[in-house]
Amino acid sequence: MAQYELTAPISDEDARKLRSGDVVFLSGTIYTARDAAHKKLCDLLDEGKPLPMELQGAVIYYVGPTPPPPGYVIGAAGPTTSYRMDAFAPRLHSLGVKASIGKGIRNEAVKQSLKDHGAVYFGATGGAGALLGTCIKEAEVIAFPEMGPEALRRLRVEKLPLLVINDSVGGELYVQPNLEAVGL
Amino acid sequence: MRTIQADEITKAVRNLCMHSNRYCPEDVKKALAAGAAEEEAPTAKEVFRQLMENIDLAAKTGVPLCQDTGLAVLFVELGQDAHVQGSLHDALNEGVRQGYKDGFLRKSACDPFTRKNTGDNTPAVIHYDIVPGDKIHIALMAKGGGSENMSRVTMLAPSDGWAGVKKFVLTRVAEARSNPCPPIIIGVGMGGTFDYSAKLAKKAMLRKLDDINPDPDLAAKEKELLELVNRLGIGPMGLGGKTTCLAVKMLVTPCHIASLPLAVNIQCHSARHEEVII
């Protein structure tokens with residue numbers, strides 16, 4: 001298992017070289033979106049309207065941060081559960097999104113889309129919101145401000161600690177539960 | 001009859017919201033430290049390292065432990081000889097409103113259909129009980145959505161028995177895998193009715209992780225479930241390891257002769273709850 005320092009947006013080549021289990025420290029520009037923002041993005045696509053962000057090489061962080069206390073750019077900012085974005089992720093990967101960051105298992109359609117489009121799914125440590133927030137150096141709401149914590153934000157991150165969970169060749173880091181050990 | 005001012009209740013709830021979201025309970029810290037010592041895999045060790053660092057950082061900086069600062073769930077035990085001057089219900093919700101605003105906590109309450117955020121994290125989910133005495137006991141749980149989504153209620157057949165209960169709990173945890181942010185805490189409510197079992201499951205998680213059930217049979221059952229769940233090997237964040245679950249807590253009450261209501265409430269490792277007595 002390798003360790004990389006990458007800068008977002010990430011290239012096709014960078015995304016394809018990653019394997020499940022690799023540790024990545026991610027810097028650069030990424031976007032926040034939860035399921036409600038994903039739905040809005042897909043509605044814009046359906047209507048043929050422009051998106052508020054560039055999708056090519058984009059990294060989307062599934063997070064709804066706490067408000068920044070005075071003197072901070074953001075509050076706690078750990079990952080939310082990713083399956084709620086499964087309905088939208090394949091479409092975004094087909095349009096150039098190279099990675100998502102979340103926690104929890106993805107469905108087969110998402111895993112297939114990672115293979116089809118040379119993308120990856122990163123895991124960040126759920127419940128480490130204060131710690132992960134320290135890696136965020138700038139934050140700006142760029143769309144859907146009426147959604148509060150669910151608004152679409154542009155972030156500048158430095159060395160955000162991530163693990164490659166699902167890679168572009170079908171690898172997965174999450175273990176299967178040992179059902180036999182409990183007689184299931 | 002003792003009179004308690006509504007304002008005093010609001011202040012107490014505000015403080016519970018702000019404090020609980022920043023300071024990890026000592027029993028949870030102890031359980032995490034014990035889990036960390038058990039693990040050998042580097043990924044599991046690294047998850048625990050980040051969680052411990054996060055706990056220290058939140059306490060030091062005042063940034064919340066987790067971005068999901070929860071829906072506010074309140075268990076209120078009102079002494080029958082206490083009289084609240086003003087509206088108790090309004091005072092509790094006002095405390096949540098102030099705590100989430102002044103504490104820079106995330107407002108996570110929304111309309112289930114329109115998904116429009118209520119803007120102040122109210123209404124809180126409030127359970128009331130009338131008890132002897134002239135005090136008010138308020139327990140606040142800042143309950144995250146990710147683990148709550150992995151919870152389930154079922155109506156087993158009485159013949160399913162303890163084996164059926166174990167199977168349902170284990171299946172639930174096995175299906176949830178990494179979703180609820182393991183290591184988790186499991187609240188099991190058994191008996192009562194469909195609705196009451198769920199309330200018991202949640203209330204069970206107010207217990208300290210290191211307390212031992214005063215009922216020896218239930219203590220043995222909690223221990224058995226904990227050991228079984230940890231045999232699944234899901235581990236911290238679902239990355240594999242010995243610590244899938246920190247504790248199982250059960251509350252049990254009689255039920256209808258036709259029924260065996262069972263609720264499994266899942267709590268992430270960031271088990272934020274605090275209590276106050278007024």
# chains A, B, ... in the order shown; residues from 1 in each chain; ligands from 1

call {"tool": "closest_atom_pairs", "arguments": {"of": "chain A", "to": "chain B", "cutoff": "7 Å", "atoms": "only C-alpha atoms", "output": "CSV"}}
result
residue,atom,partner,partner_atom,distance
A:Gly64,CA,B:Gln67,CA,6.7
A:Pro65,CA,B:Gln67,CA,5.1
A:Thr66,CA,B:Arg106,CA,4.6
A:Pro67,CA,B:Phe104,CA,5.4
A:Pro68,CA,B:Phe104,CA,6.8
A:Pro69,CA,B:Phe104,CA,6.0
A:Gly75,CA,B:Val63,CA,5.9
A:Ala76,CA,B:Gln67,CA,4.6
A:Ala77,CA,B:Gln67,CA,5.2
A:Gly78,CA,B:Gln67,CA,6.0
A:Thr81,CA,B:Asn179,CA,6.0
A:Lys103,CA,B:Asn179,CA,6.6
A:Gly104,CA,B:Asn179,CA,4.1
A:Ile105,CA,B:Ser178,CA,6.4
A:Thr125,CA,B:Val47,CA,6.6
A:Gly126,CA,B:Cys181,CA,5.7
A:Gly127,CA,B:Cys66,CA,5.0
A:Ala128,CA,B:Asn54,CA,5.4
A:Gly129,CA,B:Cys66,CA,4.4
A:Ala130,CA,B:Leu65,CA,5.4
A:Leu131,CA,B:Asn54,CA,5.0
A:Pro149,CA,B:Arg106,CA,6.9
A:Leu173,CA,B:Leu239,CA,6.6
A:Tyr174,CA,B:Leu239,CA,4.9
A:Val175,CA,B:Gly240,CA,5.6
A:Pro177,CA,B:Leu232,CA,5.0
A:Asn178,CA,B:Leu232,CA,4.6
A:Leu179,CA,B:Leu232,CA,6.3
A:Ala181,CA,B:Arg231,CA,6.2
A:Val182,CA,B:Leu228,CA,6.1

call {"tool": "write_last_selection", "arguments": {"atoms": "N, CA and C atoms", "output": "PDB file, in the first residue's frame"}}
result
ATOM      1  N   GLY A  64     -21.414  18.167   5.420  1.00  0.00           N
ATOM      2  CA  GLY A  64     -22.198  19.343   5.791  1.00  0.00           C
ATOM      3  C   GLY A  64     -21.588  19.905   7.056  1.00  0.00           C
ATOM      4  N   PRO A  65     -20.702  20.879   6.930  1.00  0.00           N
ATOM      5  CA  PRO A  65     -19.912  21.336   8.087  1.00  0.00           C
ATOM      6  C   PRO A  65     -20.731  22.104   9.119  1.00  0.00           C
ATOM      7  N   THR A  66     -20.184  22.237  10.312  1.00  0.00           N
ATOM      8  CA  THR A  66     -20.784  23.141  11.304  1.00  0.00           C
ATOM      9  C   THR A  66     -20.349  24.567  10.967  1.00  0.00           C
ATOM     10  N   PRO A  67     -21.127  25.565  11.419  1.00  0.00           N
ATOM     11  CA  PRO A  67     -20.752  26.960  11.118  1.00  0.00           C
ATOM     12  C   PRO A  67     -19.382  27.293  11.710  1.00  0.00           C
ATOM     13  N   PRO A  68     -18.616  28.163  11.025  1.00  0.00           N
ATOM     14  CA  PRO A  68     -17.297  28.512  11.562  1.00  0.00           C
ATOM     15  C   PRO A  68     -17.415  29.358  12.826  1.00  0.00           C
ATOM     16  N   PRO A  69     -16.756  28.952  13.923  1.00  0.00           N
ATOM     17  CA  PRO A  69     -16.684  29.849  15.079  1.00  0.00           C
ATOM     18  C   PRO A  69     -15.828  31.067  14.712  1.00  0.00           C
ATOM     19  N   GLY A  75     -16.108  24.988  10.605  1.00  0.00           N
ATOM     20  CA  GLY A  75     -16.139  24.281  11.888  1.00  0.00           C
ATOM     21  C   GLY A  75     -15.714  22.845  11.707  1.00  0.00           C
ATOM     22  N   ALA A  76     -16.472  21.930  12.342  1.00  0.00           N
ATOM     23  CA  ALA A  76     -16.197  20.499  12.177  1.00  0.00           C
ATOM     24  C   ALA A  76     -16.617  20.093  10.769  1.00  0.00           C
ATOM     25  N   ALA A  77     -15.821  19.238  10.131  1.00  0.00           N
ATOM     26  CA  ALA A  77     -16.070  18.919   8.719  1.00  0.00           C
ATOM     27  C   ALA A  77     -15.608  17.505   8.391  1.00  0.00           C
ATOM     28  N   GLY A  78     -16.262  16.527   8.993  1.00  0.00           N
ATOM     29  CA  GLY A  78     -15.985  15.126   8.673  1.00  0.00           C
ATOM     30  C   GLY A  78     -16.984  14.614   7.643  1.00  0.00           C
ATOM     31  N   THR A  81     -22.439   9.842   5.457  1.00  0.00           N
ATOM     32  CA  THR A  81     -22.565   8.488   4.895  1.00  0.00           C
ATOM     33  C   THR A  81     -22.844   8.554   3.400  1.00  0.00           C
ATOM     34  N   LYS A 103     -17.855   8.246   3.840  1.00  0.00           N
ATOM     35  CA  LYS A 103     -17.637   7.074   4.691  1.00  0.00           C
ATOM     36  C   LYS A 103     -18.807   6.143   4.466  1.00  0.00           C
ATOM     37  N   GLY A 104     -18.518   4.857   4.536  1.00  0.00           N
ATOM     38  CA  GLY A 104     -19.566   3.866   4.351  1.00  0.00           C
ATOM     39  C   GLY A 104     -19.581   3.278   2.954  1.00  0.00           C
ATOM     40  N   ILE A 105     -20.319   2.174   2.837  1.00  0.00           N
ATOM     41  CA  ILE A 105     -20.264   1.349   1.630  1.00  0.00           C
ATOM     42  C   ILE A 105     -21.002   1.985   0.447  1.00  0.00           C
ATOM     43  N   THR A 125     -12.064   9.642   8.050  1.00  0.00           N
ATOM     44  CA  THR A 125     -12.507   9.074   9.330  1.00  0.00           C
ATOM     45  C   THR A 125     -13.773   9.762   9.827  1.00  0.00           C
ATOM     46  N   GLY A 126     -14.866   8.995   9.862  1.00  0.00           N
ATOM     47  CA  GLY A 126     -16.139   9.528  10.331  1.00  0.00           C
ATOM     48  C   GLY A 126     -16.069   9.865  11.811  1.00  0.00           C
ATOM     49  N   GLY A 127     -16.575  11.039  12.154  1.00  0.00           N
ATOM     50  CA  GLY A 127     -16.557  11.442  13.556  1.00  0.00           C
ATOM     51  C   GLY A 127     -15.284  12.136  13.976  1.00  0.00           C
ATOM     52  N   ALA A 128     -14.399  12.401  13.005  1.00  0.00           N
ATOM     53  CA  ALA A 128     -13.179  13.165  13.309  1.00  0.00           C
ATOM     54  C   ALA A 128     -13.323  14.581  12.716  1.00  0.00           C
ATOM     55  N   GLY A 129     -14.490  15.161  12.912  1.00  0.00           N
ATOM     56  CA  GLY A 129     -14.832  16.438  12.266  1.00  0.00           C
ATOM     57  C   GLY A 129     -13.950  17.607  12.644  1.00  0.00           C
ATOM     58  N   ALA A 130     -13.612  17.709  13.926  1.00  0.00           N
ATOM     59  CA  ALA A 130     -12.767  18.830  14.366  1.00  0.00           C
ATOM     60  C   ALA A 130     -11.387  18.709  13.727  1.00  0.00           C
ATOM     61  N   LEU A 131     -10.866  17.486  13.717  1.00  0.00           N
ATOM     62  CA  LEU A 131      -9.531  17.230  13.173  1.00  0.00           C
ATOM     63  C   LEU A 131      -9.490  17.479  11.663  1.00  0.00           C
ATOM     64  N   PRO A 149     -26.362  24.159   5.844  1.00  0.00           N
ATOM     65  CA  PRO A 149     -25.239  23.216   5.910  1.00  0.00           C
ATOM     66  C   PRO A 149     -25.114  22.355   4.645  1.00  0.00           C
ATOM     67  N   LEU A 173     -11.517  -1.762   0.096  1.00  0.00           N
ATOM     68  CA  LEU A 173     -10.821  -1.885   1.377  1.00  0.00           C
ATOM     69  C   LEU A 173     -11.734  -2.349   2.518  1.00  0.00           C
ATOM     70  N   TYR A 174     -13.014  -1.989   2.465  1.00  0.00           N
ATOM     71  CA  TYR A 174     -13.913  -2.391   3.553  1.00  0.00           C
ATOM     72  C   TYR A 174     -13.983  -3.912   3.630  1.00  0.00           C
ATOM     73  N   VAL A 175     -13.945  -4.438   4.861  1.00  0.00           N
ATOM     74  CA  VAL A 175     -13.992  -5.890   5.017  1.00  0.00           C
ATOM     75  C   VAL A 175     -15.442  -6.375   4.951  1.00  0.00           C
ATOM     76  N   PRO A 177     -18.294  -8.590   6.595  1.00  0.00           N
ATOM     77  CA  PRO A 177     -18.511  -9.131   7.942  1.00  0.00           C
ATOM     78  C   PRO A 177     -18.371 -10.651   7.952  1.00  0.00           C
ATOM     79  N   ASN A 178     -17.800 -11.164   9.005  1.00  0.00           N
ATOM     80  CA  ASN A 178     -17.575 -12.611   9.130  1.00  0.00           C
ATOM     81  C   ASN A 178     -18.844 -13.277   9.673  1.00  0.00           C
ATOM     82  N   LEU A 179     -19.748 -13.590   8.759  1.00  0.00           N
ATOM     83  CA  LEU A 179     -21.053 -14.130   9.162  1.00  0.00           C
ATOM     84  C   LEU A 179     -20.926 -15.536   9.752  1.00  0.00           C
ATOM     85  N   ALA A 181     -18.650 -16.701  11.587  1.00  0.00           N
ATOM     86  CA  ALA A 181     -18.155 -16.661  12.974  1.00  0.00           C
ATOM     87  C   ALA A 181     -19.289 -16.502  13.976  1.00  0.00           C
ATOM     88  N   VAL A 182     -20.446 -16.008  13.499  1.00  0.00           N
ATOM     89  CA  VAL A 182     -21.574 -15.824  14.416  1.00  0.00           C
ATOM     90  C   VAL A 182     -22.750 -16.711  14.027  1.00  0.00           C
TER      91      VAL A 182
END

call {"tool": "select_by_dssp", "arguments": {"residues": "stretch 76-204 of chain B", "states": "alpha helix (DSSP H)", "output": "JSON, numbers by chain"}}
result
{"B": [88, 89, 90, 91, 92, 93, 94, 95, 96, 97, 98, 99, 100, 101, 102, 145, 146, 147, 148, 161, 162, 163, 164, 165, 166, 167, 168, 169, 170, 171, 172, 173, 174, 175, 176, 194, 195, 196, 197, 198, 199, 200, 201, 202, 203, 204]}

call {"tool": "select_by_dssp", "arguments": {"residues": "stretch 3-220 of chain B", "states": "strand (DSSP E)", "output": "ChimeraX atom specification"}}
result
/B:3-5,71-79,82-85,125-131,136-143,152-156,184-192

call {"tool": "residues_around", "arguments": {"residues": "stretch 49-54 of chain A", "least_positions_apart": "6", "cutoff": "8 Å", "atoms": "only C-alpha atoms", "output": "mmCIF file with N, CA and C atoms, in the first residue's frame"}}
result
data_model
loop_
_atom_site.group_PDB
_atom_site.id
_atom_site.type_symbol
_atom_site.label_atom_id
_atom_site.label_comp_id
_atom_site.auth_asym_id
_atom_site.auth_seq_id
_atom_site.Cartn_x
_atom_site.Cartn_y
_atom_site.Cartn_z
ATOM 1 N N LEU A 41 -27.752 19.565 -8.529
ATOM 2 C CA LEU A 41 -26.802 19.529 -9.653
ATOM 3 C C LEU A 41 -27.387 18.723 -10.815
ATOM 4 N N ILE A 142 -20.681 28.437 -2.976
ATOM 5 C CA ILE A 142 -20.751 28.882 -4.374
ATOM 6 C C ILE A 142 -22.112 28.597 -5.014
ATOM 7 N N ALA A 143 -22.982 27.842 -4.334
ATOM 8 C CA ALA A 143 -24.334 27.619 -4.850
ATOM 9 C C ALA A 143 -25.250 27.102 -3.750
#

call {"tool": "residues_around", "arguments": {"residues": "A:Ala109", "least_positions_apart": "5", "cutoff": "9 Å", "atoms": "only C-alpha atoms", "output": "list in words"}}
result
Asp86, Ala87, Ala89, Pro90 and Leu114 of chain A

call {"tool": "residues_around", "arguments": {"residues": "B:Val28", "least_positions_apart": "5", "cutoff": "10 Å", "atoms": "only C-alpha atoms", "output": "VMD selection string"}}
result
chain B and resid 33 to 34 185 208 to 210 246 to 247 269 to 272

call {"tool": "atom_distance", "arguments": {"atom1": "atom CA of B:Cys24", "atom2": "atom CA of A:Pro79"}}
result
18.7 Å

call {"tool": "residues_around", "arguments": {"residues": "A:Gly171", "least_positions_apart": "6", "cutoff": "10 Å", "atoms": "only C-alpha atoms", "output": "ChimeraX atom specification"}}
result
/A:18-21,111,115,120,164-165

call {"tool": "write_last_selection", "arguments": {"atoms": "C-alpha atoms", "output": "CSV table (one decimal), in the first residue's frame"}}
result
chain,number,residue,atom,x,y,z
A,18,LEU,CA,-4.5,4.6,-6.9
A,19,ARG,CA,-5.3,1.2,-5.3
A,20,SER,CA,-7.6,0.4,-2.4
A,21,GLY,CA,-5.6,0.7,0.8
A,111,LYS,CA,-18.2,0.7,-8.1
A,115,LYS,CA,-14.1,1.3,-13.2
A,120,VAL,CA,-11.9,6.4,-6.9
A,164,VAL,CA,-8.6,4.7,-1.0
A,165,ILE,CA,-11.6,2.5,-0.3

call {"tool": "residues_around", "arguments": {"residues": "A:Ser94", "least_positions_apart": "2", "cutoff": "10 Å", "atoms": "only C-alpha atoms", "output": "NGL selection string"}}
result
:A and (55-56 or 89-92 or 96-98 or 113-114 or 116-119)

call {"tool": "write_last_selection", "arguments": {"atoms": "N, CA, C and O atoms", "output": "PDB file, in the first residue's frame"}}
result
ATOM      1  N   LEU A  55     -16.451  20.151 -13.489  1.00  0.00           N
ATOM      2  CA  LEU A  55     -16.478  18.742 -13.085  1.00  0.00           C
ATOM      3  C   LEU A  55     -15.209  17.983 -13.463  1.00  0.00           C
ATOM      4  O   LEU A  55     -14.893  16.953 -12.862  1.00  0.00           O
ATOM      5  N   GLN A  56     -14.477  18.477 -14.457  1.00  0.00           N
ATOM      6  CA  GLN A  56     -13.319  17.732 -14.948  1.00  0.00           C
ATOM      7  C   GLN A  56     -12.260  17.602 -13.852  1.00  0.00           C
ATOM      8  O   GLN A  56     -11.728  18.608 -13.380  1.00  0.00           O
ATOM      9  N   ALA A  89     -23.913   9.589  -8.096  1.00  0.00           N
ATOM     10  CA  ALA A  89     -22.467   9.538  -8.343  1.00  0.00           C
ATOM     11  C   ALA A  89     -22.093   9.045  -9.748  1.00  0.00           C
ATOM     12  O   ALA A  89     -21.217   9.647 -10.391  1.00  0.00           O
ATOM     13  N   PRO A  90     -22.723   7.958 -10.256  1.00  0.00           N
ATOM     14  CA  PRO A  90     -22.292   7.484 -11.587  1.00  0.00           C
ATOM     15  C   PRO A  90     -22.406   8.552 -12.672  1.00  0.00           C
ATOM     16  O   PRO A  90     -21.515   8.684 -13.521  1.00  0.00           O
ATOM     17  N   ARG A  91     -23.487   9.318 -12.630  1.00  0.00           N
ATOM     18  CA  ARG A  91     -23.659  10.374 -13.636  1.00  0.00           C
ATOM     19  C   ARG A  91     -22.535  11.403 -13.548  1.00  0.00           C
ATOM     20  O   ARG A  91     -21.999  11.852 -14.563  1.00  0.00           O
ATOM     21  N   LEU A  92     -22.171  11.778 -12.313  1.00  0.00           N
ATOM     22  CA  LEU A  92     -21.111  12.785 -12.148  1.00  0.00           C
ATOM     23  C   LEU A  92     -19.752  12.225 -12.571  1.00  0.00           C
ATOM     24  O   LEU A  92     -18.938  12.940 -13.158  1.00  0.00           O
ATOM     25  N   GLY A  96     -16.795  13.505 -15.563  1.00  0.00           N
ATOM     26  CA  GLY A  96     -15.425  13.925 -15.266  1.00  0.00           C
ATOM     27  C   GLY A  96     -15.020  13.946 -13.809  1.00  0.00           C
ATOM     28  O   GLY A  96     -13.846  14.139 -13.493  1.00  0.00           O
ATOM     29  N   VAL A  97     -15.981  13.766 -12.877  1.00  0.00           N
ATOM     30  CA  VAL A  97     -15.621  13.764 -11.459  1.00  0.00           C
ATOM     31  C   VAL A  97     -14.708  12.561 -11.190  1.00  0.00           C
ATOM     32  O   VAL A  97     -15.039  11.429 -11.534  1.00  0.00           O
ATOM     33  N   LYS A  98     -13.553  12.822 -10.593  1.00  0.00           N
ATOM     34  CA  LYS A  98     -12.534  11.781 -10.448  1.00  0.00           C
ATOM     35  C   LYS A  98     -12.555  11.108  -9.079  1.00  0.00           C
ATOM     36  O   LYS A  98     -11.984  10.032  -8.905  1.00  0.00           O
ATOM     37  N   SER A 113     -19.074   2.363 -11.962  1.00  0.00           N
ATOM     38  CA  SER A 113     -18.769   3.650 -12.604  1.00  0.00           C
ATOM     39  C   SER A 113     -17.332   4.091 -12.317  1.00  0.00           C
ATOM     40  O   SER A 113     -16.716   4.771 -13.125  1.00  0.00           O
ATOM     41  N   LEU A 114     -16.793   3.679 -11.163  1.00  0.00           N
ATOM     42  CA  LEU A 114     -15.386   3.980 -10.878  1.00  0.00           C
ATOM     43  C   LEU A 114     -14.497   3.267 -11.904  1.00  0.00           C
ATOM     44  O   LEU A 114     -13.508   3.828 -12.395  1.00  0.00           O
ATOM     45  N   ASP A 116     -15.511   2.215 -14.937  1.00  0.00           N
ATOM     46  CA  ASP A 116     -15.815   2.735 -16.278  1.00  0.00           C
ATOM     47  C   ASP A 116     -15.107   4.064 -16.550  1.00  0.00           C
ATOM     48  O   ASP A 116     -14.772   4.365 -17.692  1.00  0.00           O
ATOM     49  N   HIS A 117     -14.927   4.857 -15.508  1.00  0.00           N
ATOM     50  CA  HIS A 117     -14.446   6.224 -15.727  1.00  0.00           C
ATOM     51  C   HIS A 117     -13.118   6.520 -15.029  1.00  0.00           C
ATOM     52  O   HIS A 117     -12.723   7.683 -14.943  1.00  0.00           O
ATOM     53  N   GLY A 118     -12.469   5.483 -14.514  1.00  0.00           N
ATOM     54  CA  GLY A 118     -11.152   5.686 -13.903  1.00  0.00           C
ATOM     55  C   GLY A 118     -11.189   6.616 -12.706  1.00  0.00           C
ATOM     56  O   GLY A 118     -10.387   7.541 -12.584  1.00  0.00           O
ATOM     57  N   ALA A 119     -12.144   6.355 -11.813  1.00  0.00           N
ATOM     58  CA  ALA A 119     -12.294   7.225 -10.634  1.00  0.00           C
ATOM     59  C   ALA A 119     -12.113   6.411  -9.353  1.00  0.00           C
ATOM     60  O   ALA A 119     -11.989   5.181  -9.399  1.00  0.00           O
TER      61      ALA A 119
END

call {"tool": "closest_residue", "arguments": {"among": "A:Glu13, A:Asp167, A:Asp35, A:Glu180", "to": "A:Arg84", "atoms": "only C-alpha atoms"}}
result
A:Asp35

call {"tool": "atom_distance", "arguments": {"atom1": "atom CA of A:Leu132", "atom2": "atom CA of B:Ala139"}}
result
28.8 Å

call {"tool": "closest_residue", "arguments": {"among": "B:Val13, B:Phe75, B:Phe113, B:Lys242", "to": "B:Leu206", "atoms": "only C-alpha atoms"}}
result
B:Phe75

call {"tool": "closest_residue", "arguments": {"among": "B:Gln85, B:Thr154, B:Ser20, B:Thr10", "to": "B:Asp195", "atoms": "only C-alpha atoms"}}
result
B:Thr154

call {"tool": "decode", "arguments": {"residues": "stretch 51-68 of chain A", "atoms": "N, CA, C and O atoms", "output": "PDB file, in the first residue's frame"}}
result
ATOM      1  N   LEU A  51     -23.400  24.283 -14.639  1.00  0.00           N
ATOM      2  CA  LEU A  51     -23.181  23.947 -13.230  1.00  0.00           C
ATOM      3  C   LEU A  51     -22.310  25.021 -12.578  1.00  0.00           C
ATOM      4  O   LEU A  51     -21.540  25.697 -13.263  1.00  0.00           O
ATOM      5  N   PRO A  52     -22.414  25.172 -11.260  1.00  0.00           N
ATOM      6  CA  PRO A  52     -21.624  26.206 -10.581  1.00  0.00           C
ATOM      7  C   PRO A  52     -20.158  25.804 -10.374  1.00  0.00           C
ATOM      8  O   PRO A  52     -19.421  26.517  -9.693  1.00  0.00           O
ATOM      9  N   MET A  53     -19.747  24.690 -10.934  1.00  0.00           N
ATOM     10  CA  MET A  53     -18.389  24.189 -10.714  1.00  0.00           C
ATOM     11  C   MET A  53     -17.904  23.441 -11.946  1.00  0.00           C
ATOM     12  O   MET A  53     -18.698  22.991 -12.763  1.00  0.00           O
ATOM     13  N   GLU A  54     -16.591  23.301 -12.045  1.00  0.00           N
ATOM     14  CA  GLU A  54     -15.974  22.521 -13.126  1.00  0.00           C
ATOM     15  C   GLU A  54     -15.909  21.057 -12.672  1.00  0.00           C
ATOM     16  O   GLU A  54     -15.384  20.765 -11.591  1.00  0.00           O
ATOM     17  N   LEU A  55     -16.451  20.151 -13.489  1.00  0.00           N
ATOM     18  CA  LEU A  55     -16.478  18.742 -13.085  1.00  0.00           C
ATOM     19  C   LEU A  55     -15.209  17.983 -13.463  1.00  0.00           C
ATOM     20  O   LEU A  55     -14.893  16.953 -12.862  1.00  0.00           O
ATOM     21  N   GLN A  56     -14.477  18.477 -14.457  1.00  0.00           N
ATOM     22  CA  GLN A  56     -13.319  17.732 -14.948  1.00  0.00           C
ATOM     23  C   GLN A  56     -12.260  17.602 -13.852  1.00  0.00           C
ATOM     24  O   GLN A  56     -11.728  18.608 -13.380  1.00  0.00           O
ATOM     25  N   GLY A  57     -11.995  16.380 -13.431  1.00  0.00           N
ATOM     26  CA  GLY A  57     -10.985  16.130 -12.400  1.00  0.00           C
ATOM     27  C   GLY A  57     -11.445  16.475 -10.990  1.00  0.00           C
ATOM     28  O   GLY A  57     -10.662  16.426 -10.040  1.00  0.00           O
ATOM     29  N   ALA A  58     -12.743  16.799 -10.851  1.00  0.00           N
ATOM     30  CA  ALA A  58     -13.228  17.301  -9.556  1.00  0.00           C
ATOM     31  C   ALA A  58     -13.239  16.202  -8.483  1.00  0.00           C
ATOM     32  O   ALA A  58     -13.397  15.010  -8.777  1.00  0.00           O
ATOM     33  N   VAL A  59     -13.051  16.666  -7.251  1.00  0.00           N
ATOM     34  CA  VAL A  59     -13.197  15.814  -6.073  1.00  0.00           C
ATOM     35  C   VAL A  59     -14.354  16.380  -5.257  1.00  0.00           C
ATOM     36  O   VAL A  59     -14.363  17.576  -4.946  1.00  0.00           O
ATOM     37  N   ILE A  60     -15.330  15.530  -4.953  1.00  0.00           N
ATOM     38  CA  ILE A  60     -16.497  15.980  -4.176  1.00  0.00           C
ATOM     39  C   ILE A  60     -16.443  15.360  -2.785  1.00  0.00           C
ATOM     40  O   ILE A  60     -16.332  14.138  -2.631  1.00  0.00           O
ATOM     41  N   TYR A  61     -16.504  16.239  -1.783  1.00  0.00           N
ATOM     42  CA  TYR A  61     -16.457  15.816  -0.382  1.00  0.00           C
ATOM     43  C   TYR A  61     -17.890  15.819   0.144  1.00  0.00           C
ATOM     44  O   TYR A  61     -18.554  16.855   0.121  1.00  0.00           O
ATOM     45  N   TYR A  62     -18.355  14.642   0.582  1.00  0.00           N
ATOM     46  CA  TYR A  62     -19.700  14.517   1.143  1.00  0.00           C
ATOM     47  C   TYR A  62     -19.671  15.033   2.583  1.00  0.00           C
ATOM     48  O   TYR A  62     -19.390  14.269   3.513  1.00  0.00           O
ATOM     49  N   VAL A  63     -19.983  16.293   2.762  1.00  0.00           N
ATOM     50  CA  VAL A  63     -19.888  16.882   4.101  1.00  0.00           C
ATOM     51  C   VAL A  63     -20.845  18.064   4.242  1.00  0.00           C
ATOM     52  O   VAL A  63     -21.064  18.817   3.304  1.00  0.00           O
ATOM     53  N   GLY A  64     -21.414  18.167   5.420  1.00  0.00           N
ATOM     54  CA  GLY A  64     -22.198  19.343   5.791  1.00  0.00           C
ATOM     55  C   GLY A  64     -21.588  19.905   7.056  1.00  0.00           C
ATOM     56  O   GLY A  64     -21.875  19.436   8.157  1.00  0.00           O
ATOM     57  N   PRO A  65     -20.702  20.879   6.930  1.00  0.00           N
ATOM     58  CA  PRO A  65     -19.912  21.336   8.087  1.00  0.00           C
ATOM     59  C   PRO A  65     -20.731  22.104   9.119  1.00  0.00           C
ATOM     60  O   PRO A  65     -21.819  22.590   8.820  1.00  0.00           O
ATOM     61  N   THR A  66     -20.184  22.237  10.312  1.00  0.00           N
ATOM     62  CA  THR A  66     -20.784  23.141  11.304  1.00  0.00           C
ATOM     63  C   THR A  66     -20.349  24.567  10.967  1.00  0.00           C
ATOM     64  O   THR A  66     -19.337  24.767  10.284  1.00  0.00           O
ATOM     65  N   PRO A  67     -21.127  25.565  11.419  1.00  0.00           N
ATOM     66  CA  PRO A  67     -20.752  26.960  11.118  1.00  0.00           C
ATOM     67  C   PRO A  67     -19.382  27.293  11.710  1.00  0.00           C
ATOM     68  O   PRO A  67     -19.019  26.773  12.759  1.00  0.00           O
ATOM     69  N   PRO A  68     -18.616  28.163  11.025  1.00  0.00           N
ATOM     70  CA  PRO A  68     -17.297  28.512  11.562  1.00  0.00           C
ATOM     71  C   PRO A  68     -17.415  29.358  12.826  1.00  0.00           C
ATOM     72  O   PRO A  68     -18.116  30.364  12.827  1.00  0.00           O
TER      73      PRO A  68
END
